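K.L.:
Got a file for you: final.csv, CSV, C-alpha atoms.
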chain,number,residue,atom,x,y,z
A,1,MET,CA,14.2,-11.4,-12.5
A,2,SER,CA,16.9,-13.9,-11.3
A,3,ILE,CA,18.3,-13.9,-7.8
A,4,SER,CA,22.1,-13.8,-7.1
A,5,ASN,CA,24.0,-16.7,-5.6
A,6,SER,CA,24.5,-14.8,-2.3
A,7,SER,CA,20.8,-14.0,-2.1
A,8,ASP,CA,19.9,-17.6,-3.0
A,9,ALA,CA,22.1,-18.9,-0.2
A,10,PHE,CA,20.4,-16.5,2.3
A,11,ILE,CA,17.0,-17.6,1.1
A,12,HIS,CA,18.0,-21.2,1.9
A,13,THR,CA,19.1,-20.1,5.4
A,14,LEU,CA,15.7,-18.4,5.9
A,15,CYS,CA,13.9,-21.5,4.8
A,16,GLU,CA,15.8,-23.6,7.4
A,17,GLN,CA,15.0,-21.0,10.1
A,18,MET,CA,11.3,-21.0,9.1
A,19,GLN,CA,11.2,-24.8,9.3
A,20,ASN,CA,12.7,-24.6,12.8
A,21,SER,CA,10.3,-21.8,14.0
A,22,THR,CA,7.2,-23.5,12.7
A,23,ALA,CA,8.0,-27.1,13.8
A,24,PHE,CA,5.3,-28.7,15.9
A,25,ASP,CA,5.6,-31.7,18.2
A,26,ILE,CA,2.9,-34.1,17.0
A,27,ASN,CA,3.0,-36.0,20.3
A,28,THR,CA,2.4,-32.8,22.3
A,29,ARG,CA,-0.6,-32.0,20.0
A,30,ASP,CA,-2.1,-35.4,20.4
A,31,ASN,CA,-1.6,-35.6,24.1
A,32,SER,CA,-3.0,-32.2,24.7
A,33,ASN,CA,-6.0,-32.8,22.5
A,34,ILE,CA,-5.0,-29.8,20.3
A,35,LYS,CA,-7.0,-29.9,17.1
A,36,ARG,CA,-5.4,-30.3,13.7
A,37,GLY,CA,-6.9,-27.6,11.5
A,38,LEU,CA,-10.6,-27.6,12.4
A,39,ARG,CA,-10.9,-31.4,12.8
A,40,ASN,CA,-11.0,-33.9,15.7
A,41,ALA,CA,-8.8,-37.0,15.4
A,42,ASP,CA,-11.7,-38.9,14.0
A,43,GLY,CA,-12.3,-36.3,11.2
A,44,THR,CA,-15.3,-34.6,12.7
A,45,GLY,CA,-15.4,-30.8,12.8
A,46,VAL,CA,-14.7,-28.7,15.8
A,47,MET,CA,-15.8,-25.2,16.7
A,48,VAL,CA,-12.3,-23.8,17.3
A,49,GLY,CA,-8.7,-24.9,17.3
A,50,CYS,CA,-5.5,-23.9,19.2
A,51,THR,CA,-2.6,-21.9,17.9
A,52,LYS,CA,0.7,-20.7,19.2
A,53,ILE,CA,1.0,-18.1,16.6
A,54,GLY,CA,-1.3,-15.3,17.6
A,55,SER,CA,-3.6,-14.2,20.5
A,56,VAL,CA,-6.1,-11.4,20.5
A,57,GLN,CA,-7.2,-10.1,23.9
A,58,GLY,CA,-10.4,-8.0,24.0
A,59,TYR,CA,-11.4,-8.3,27.7
A,60,ALA,CA,-10.0,-9.0,31.1
A,61,ILE,CA,-11.5,-10.9,34.1
A,62,ILE,CA,-11.6,-8.5,37.0
A,63,ASP,CA,-13.2,-9.7,40.3
A,64,GLY,CA,-14.7,-12.6,38.3
A,65,GLU,CA,-16.4,-10.3,35.8
A,66,LYS,CA,-15.6,-10.0,32.1
A,67,THR,CA,-14.5,-6.4,31.6
A,68,PRO,CA,-13.9,-4.9,28.1
A,69,MET,CA,-10.3,-3.6,27.5
A,70,GLU,CA,-8.4,-2.0,24.7
A,71,GLY,CA,-7.6,-4.6,22.2
A,72,ARG,CA,-4.2,-6.3,22.5
A,73,LEU,CA,-2.6,-8.4,19.8
A,74,ILE,CA,0.2,-10.9,20.7
A,75,TYR,CA,1.9,-12.4,17.7
A,76,ARG,CA,4.6,-15.1,18.2
A,77,GLY,CA,4.9,-13.9,21.7
A,78,TYR,CA,5.5,-10.3,20.8
A,79,ASP,CA,3.1,-7.6,21.9
A,80,ILE,CA,2.4,-5.6,18.7
A,81,ASN,CA,1.8,-2.4,20.7
A,82,GLN,CA,5.2,-2.8,22.3
A,83,LEU,CA,6.9,-3.4,19.0
A,84,ILE,CA,5.3,-0.2,17.6
A,85,ALA,CA,6.3,1.8,20.7
A,86,GLY,CA,9.9,0.6,20.3
A,87,PHE,CA,10.0,1.7,16.6
A,88,THR,CA,8.6,5.1,17.6
A,89,ARG,CA,10.8,5.5,20.7
A,90,GLU,CA,14.0,4.7,18.7
A,91,ASN,CA,12.9,6.7,15.7
A,92,ARG,CA,13.4,3.8,13.2
A,93,PHE,CA,11.3,2.1,10.5
A,94,GLY,CA,9.8,-1.3,11.3
A,95,PHE,CA,8.6,-2.6,7.9
A,96,GLU,CA,11.5,-5.0,7.4
A,97,GLU,CA,11.5,-6.3,10.9
A,98,ILE,CA,7.7,-7.0,10.9
A,99,ALA,CA,8.0,-8.7,7.4
A,100,TYR,CA,10.8,-10.9,8.9
A,101,LEU,CA,8.6,-11.7,11.9
A,102,LEU,CA,5.7,-12.7,9.7
A,103,LEU,CA,7.9,-14.9,7.5
A,104,LEU,CA,10.2,-16.5,10.1
A,105,GLY,CA,8.2,-16.3,13.3
A,106,ARG,CA,10.7,-14.2,15.2
A,107,LEU,CA,12.5,-10.8,15.0
A,108,PRO,CA,16.0,-10.7,13.3
A,109,ASN,CA,19.2,-10.0,15.0
A,110,ALA,CA,21.4,-7.1,13.7
A,111,GLU,CA,23.2,-9.3,11.1
A,112,GLU,CA,20.0,-11.0,9.9
A,113,TYR,CA,18.2,-7.6,9.6
A,114,ALA,CA,21.0,-6.1,7.5
A,115,GLU,CA,20.9,-9.2,5.1
A,116,PHE,CA,17.2,-9.2,4.9
A,117,ARG,CA,17.0,-5.5,4.2
A,118,GLN,CA,19.5,-5.9,1.5
A,119,LEU,CA,17.6,-8.8,0.0
A,120,LEU,CA,14.4,-6.7,-0.1
A,121,SER,CA,16.3,-3.8,-1.6
A,122,ASP,CA,17.7,-6.1,-4.3
A,123,ASN,CA,14.2,-7.3,-5.3
A,124,MET,CA,12.3,-4.0,-5.0
A,125,SER,CA,12.4,-3.0,-8.6
A,126,LEU,CA,9.5,-4.1,-10.8
A,127,PRO,CA,10.1,-6.2,-13.9
A,128,SER,CA,11.0,-4.2,-17.1
A,129,GLY,CA,7.9,-2.7,-18.6
A,130,PHE,CA,5.6,-3.8,-15.7
A,131,THR,CA,4.6,-0.3,-14.6
A,132,GLU,CA,3.8,0.8,-18.2
A,133,ASP,CA,2.0,-2.3,-19.2
A,134,MET,CA,0.1,-3.4,-16.1
A,135,ILE,CA,-0.4,-0.1,-14.1
A,136,LEU,CA,-0.4,2.9,-16.5
A,137,GLU,CA,-2.2,1.1,-19.4
A,138,ALA,CA,-4.9,-0.2,-17.0
A,139,PRO,CA,-5.2,2.3,-14.1
A,140,SER,CA,-7.7,1.8,-11.3
A,141,SER,CA,-9.3,4.2,-8.9
A,142,ASN,CA,-9.0,1.5,-6.2
A,143,ILE,CA,-5.4,0.9,-5.1
A,144,MET,CA,-6.1,-2.4,-3.5
A,145,ASN,CA,-7.8,-3.6,-6.7
A,146,LYS,CA,-4.7,-2.6,-8.7
A,147,LEU,CA,-2.4,-4.4,-6.2
A,148,ALA,CA,-4.5,-7.6,-6.4
A,149,ARG,CA,-4.4,-7.5,-10.2
A,150,SER,CA,-0.7,-6.8,-10.3
A,151,VAL,CA,0.1,-9.7,-8.1
A,152,LEU,CA,-1.8,-12.0,-10.5
A,153,ALA,CA,0.1,-10.4,-13.4
A,154,LEU,CA,3.5,-11.1,-11.8
A,155,TYR,CA,2.8,-14.7,-12.5
A,156,SER,CA,3.7,-14.1,-16.1
A,157,TYR,CA,7.1,-12.5,-15.1
A,158,ASP,CA,8.1,-15.2,-12.6
A,159,GLU,CA,10.9,-17.6,-13.7
A,160,ASN,CA,9.3,-20.5,-11.8
A,161,PRO,CA,5.8,-19.6,-10.9
A,162,ASP,CA,4.3,-23.1,-10.2
A,163,ALA,CA,6.9,-24.8,-8.0
A,164,ILE,CA,5.7,-25.2,-4.5
A,165,ASP,CA,8.9,-26.2,-2.7
A,166,LEU,CA,9.7,-24.1,0.3
A,167,THR,CA,12.8,-22.4,-1.3
A,168,ASN,CA,10.8,-21.2,-4.3
A,169,MET,CA,7.8,-20.1,-2.2
A,170,MET,CA,10.2,-18.1,0.1
A,171,ARG,CA,11.7,-16.4,-3.0
A,172,GLN,CA,8.3,-15.5,-4.3
A,173,SER,CA,7.2,-14.2,-0.9
A,174,ILE,CA,10.3,-12.0,-0.5
A,175,GLN,CA,9.9,-10.6,-4.0
A,176,LEU,CA,6.2,-9.8,-3.4
A,177,VAL,CA,7.0,-8.1,-0.1
A,178,ALA,CA,9.7,-6.1,-1.7
A,179,ARG,CA,7.6,-5.1,-4.7
A,180,PHE,CA,4.3,-4.3,-3.0
A,181,PRO,CA,5.4,-0.7,-2.1
A,182,MET,CA,6.4,0.1,-5.6
A,183,ILE,CA,3.2,-1.3,-7.0
A,184,VAL,CA,1.1,0.7,-4.6
A,185,ALA,CA,3.1,3.9,-5.2
A,186,HIS,CA,2.8,3.6,-9.0
A,187,ALA,CA,-0.8,2.7,-8.8
A,188,TYR,CA,-1.4,5.7,-6.6
A,189,ALA,CA,0.4,7.9,-9.1
A,190,ALA,CA,-1.7,6.5,-11.9
A,191,LYS,CA,-4.9,7.2,-9.9
A,192,VAL,CA,-3.9,10.8,-9.2
A,193,HIS,CA,-3.2,11.3,-12.9
A,194,TYR,CA,-6.0,9.4,-14.6
A,195,PHE,CA,-8.8,9.8,-12.1
A,196,ASP,CA,-8.0,12.9,-10.0
A,197,GLY,CA,-6.7,15.1,-12.8
A,198,GLY,CA,-3.2,15.5,-11.3
A,199,SER,CA,0.2,15.3,-13.0
A,200,LEU,CA,1.8,11.9,-13.5
A,201,ILE,CA,5.0,11.8,-11.4
A,202,LEU,CA,6.9,8.5,-11.0
A,203,HIS,CA,9.9,7.9,-8.8
A,204,TRP,CA,12.0,4.8,-8.9
A,205,PRO,CA,13.2,3.2,-5.6
A,206,GLU,CA,16.4,4.3,-4.0
A,207,PRO,CA,18.6,1.3,-2.9
A,208,GLU,CA,19.8,3.0,0.2
A,209,PHE,CA,16.3,3.8,1.5
A,210,SER,CA,14.2,1.5,3.7
A,211,ILE,CA,10.9,0.2,2.5
A,212,ALA,CA,9.0,2.9,4.4
A,213,GLU,CA,11.3,5.7,3.1
A,214,ASN,CA,10.8,4.4,-0.5
A,215,ILE,CA,7.1,4.5,-0.1
A,216,LEU,CA,7.2,8.1,0.9
A,217,HIS,CA,9.8,8.9,-1.7
A,218,SER,CA,7.7,7.3,-4.4
A,219,ILE,CA,4.3,8.9,-3.7
A,220,ARG,CA,5.4,12.5,-3.0
A,221,PRO,CA,5.9,14.7,-6.0
A,222,ASP,CA,9.0,16.3,-4.4
A,223,SER,CA,10.2,12.7,-3.6
A,224,LYS,CA,11.0,13.8,0.0
Please express the file's structure as structure tokens.

P.N.:
Amino acid sequence: MSISNSSDAFIHTLCEQMQNSTAFDINTRDNSNIKRGLRNADGTGVMVGCTKIGSVQGYAIIDGEKTPMEGRLIYRGYDINQLIAGFTRENRFGFEEIAYLLLLGRLPNAEEYAEFRQLLSDNMSLPSGFTEDMILEAPSSNIMNKLARSVLALYSYDENPDAIDLTNMMRQSIQLVARFPMIVAHAYAAKVHYFDGGSLILHWPEPEFSIAENILHSIRPDSK
């Protein structure tokens, strides 16, 4: 499946943003003795490295004592629990925003969110014949197994599968993120039919729905 010129331009913009958000000052790393990968400067291995991307907190120091606490995940400076609370409080879906955060290292503004959501919607449909050939003809009782095999199979449908430049890898990442829900939904429908004895009911994605809405739309027999 080819990508339109407008989508291609937006992907290039995302790549530039990604390069900015993931840039690292080499001098700061060296002066702070921050490890590169899991190696010292002389190439010897280390037990642990440093990262600015994520932090997991499982305990607090209270009166000098290590005290267990409810787990807390900080990603790119965002408290995941607070993100979820915001989605819940405002009664909105968060799939697209979290996908943007994982790809670009920050949350999108309103304009970026709208463009990114449209980009995912444009790439949500599976290649022609994919559901019939890769999912229905070879169903699995394990949805994750089917998802993994489907990702490998998409190599054969990719117009440029081997290029490792940032633009192409961003395109592939976006297409995978957009297609995962449909693969999972159709794999679930195949499991219900071939392994659980239920009817085979498939729903195609609706362009105006969010990713979360399309997941529910696709796996529910009444599509609601």

K.L.:
Rank A:Lys66, A:His186, A:His12, A:Arg76 by their smallest atom-to-atom distance to Leu200 in chain A, using all atoms listed in the file, and report the top residue only.

P.N.:
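Closest to Leu200 in chain A of all the choices is A:His186.
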
K.L.:
Rounded to one decimal, what separation in Å do you get between CA of Gly197 in chain A and CA of Val184 in chain A?

P.N.:
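Between these atoms lies a distance of 18.3 Å.
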
K.L.:
Smallest atom-to-atom distance to Thr22 in chain A: which of A:His203, A:Arg92, A:Arg106, A:Lys146, using only C-alpha atoms?

P.N.:
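Among the listed residues, the smallest separation from Thr22 in chain A belongs to A:Arg106.
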
K.L.:
With only C-alpha atoms as the atoms that count, which of A:Asp165, A:Asn160, A:Ile135, A:Ser173 lies nearest to Ala190 in chain A?

P.N.:
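Of all the options, A:Ile135 lies closest to Ala190 in chain A.
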
K.L.:
Just the number, please: distance in Å from CA of Ser121 in chain A to CA of Ile11 in chain A, one decimal.

P.N.:
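For CA of Ser121 in chain A relative to CA of Ile11 in chain A, the distance reads 14.1 Å.
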
K.L.:
Need to verify the contact set: Ser21 in chain A, 12 Å, all atoms listed in the file, exclusion of same-chain residues closer than 2 positions in sequence. Can you return it as JSON, numbers by chain?

P.N.:
{"A": [14, 15, 16, 17, 18, 19, 23, 24, 25, 52, 53, 76, 101, 102, 103, 104, 105, 106, 107]}

K.L.:
Please identify all polymer residues lying at most 12 Å from the point (10.5, 2.9, 8.2) (file coordinates), using all atoms listed in the file, and present the result as a ChimeraX atom specification.

P.N.:
/A:84,87-88,90-99,117,209-217

K.L.:
Would you compute the distance between CA of Ala153 in chain A and CA of Arg220 in chain A? Give it in Å to one decimal.

P.N.:
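That distance, rounded to one decimal, is 25.7 Å.
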
K.L.:
Determine the nearest neighbour of Met134 in chain A from the options A:Leu147, A:Leu176, A:Leu119, A:Ile201, counting all atoms listed in the file.

P.N.:
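Using all atoms listed in the file, the shortest distance to Met134 in chain A belongs to A:Leu147.
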
K.L.:
With all atoms listed in the file as the atoms that count, which of A:Ser6, A:Ser125, A:Asn20, A:Asn142 lies nearest to Ala187 in chain A?

P.N.:
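Among the listed residues, A:Asn142 lies closest to Ala187 in chain A.
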
K.L.:
Could you check the closest approach to Glu137 in chain A for each of A:Phe180, A:Tyr194, A:Tyr113, A:Tyr100 and tell me which residue wins, using all atoms listed in the file?

P.N.:
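Result for the nearest residue to Glu137 in chain A: A:Tyr194.
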
K.L.:
List as a count of residues only the protein and nucleic acid residues near Tyr155 in chain A, meaning an atom at most 10 Å away when only C-alpha atoms are counted, but skip any in the same chain fewer than 6 places from it.

P.N.:
3
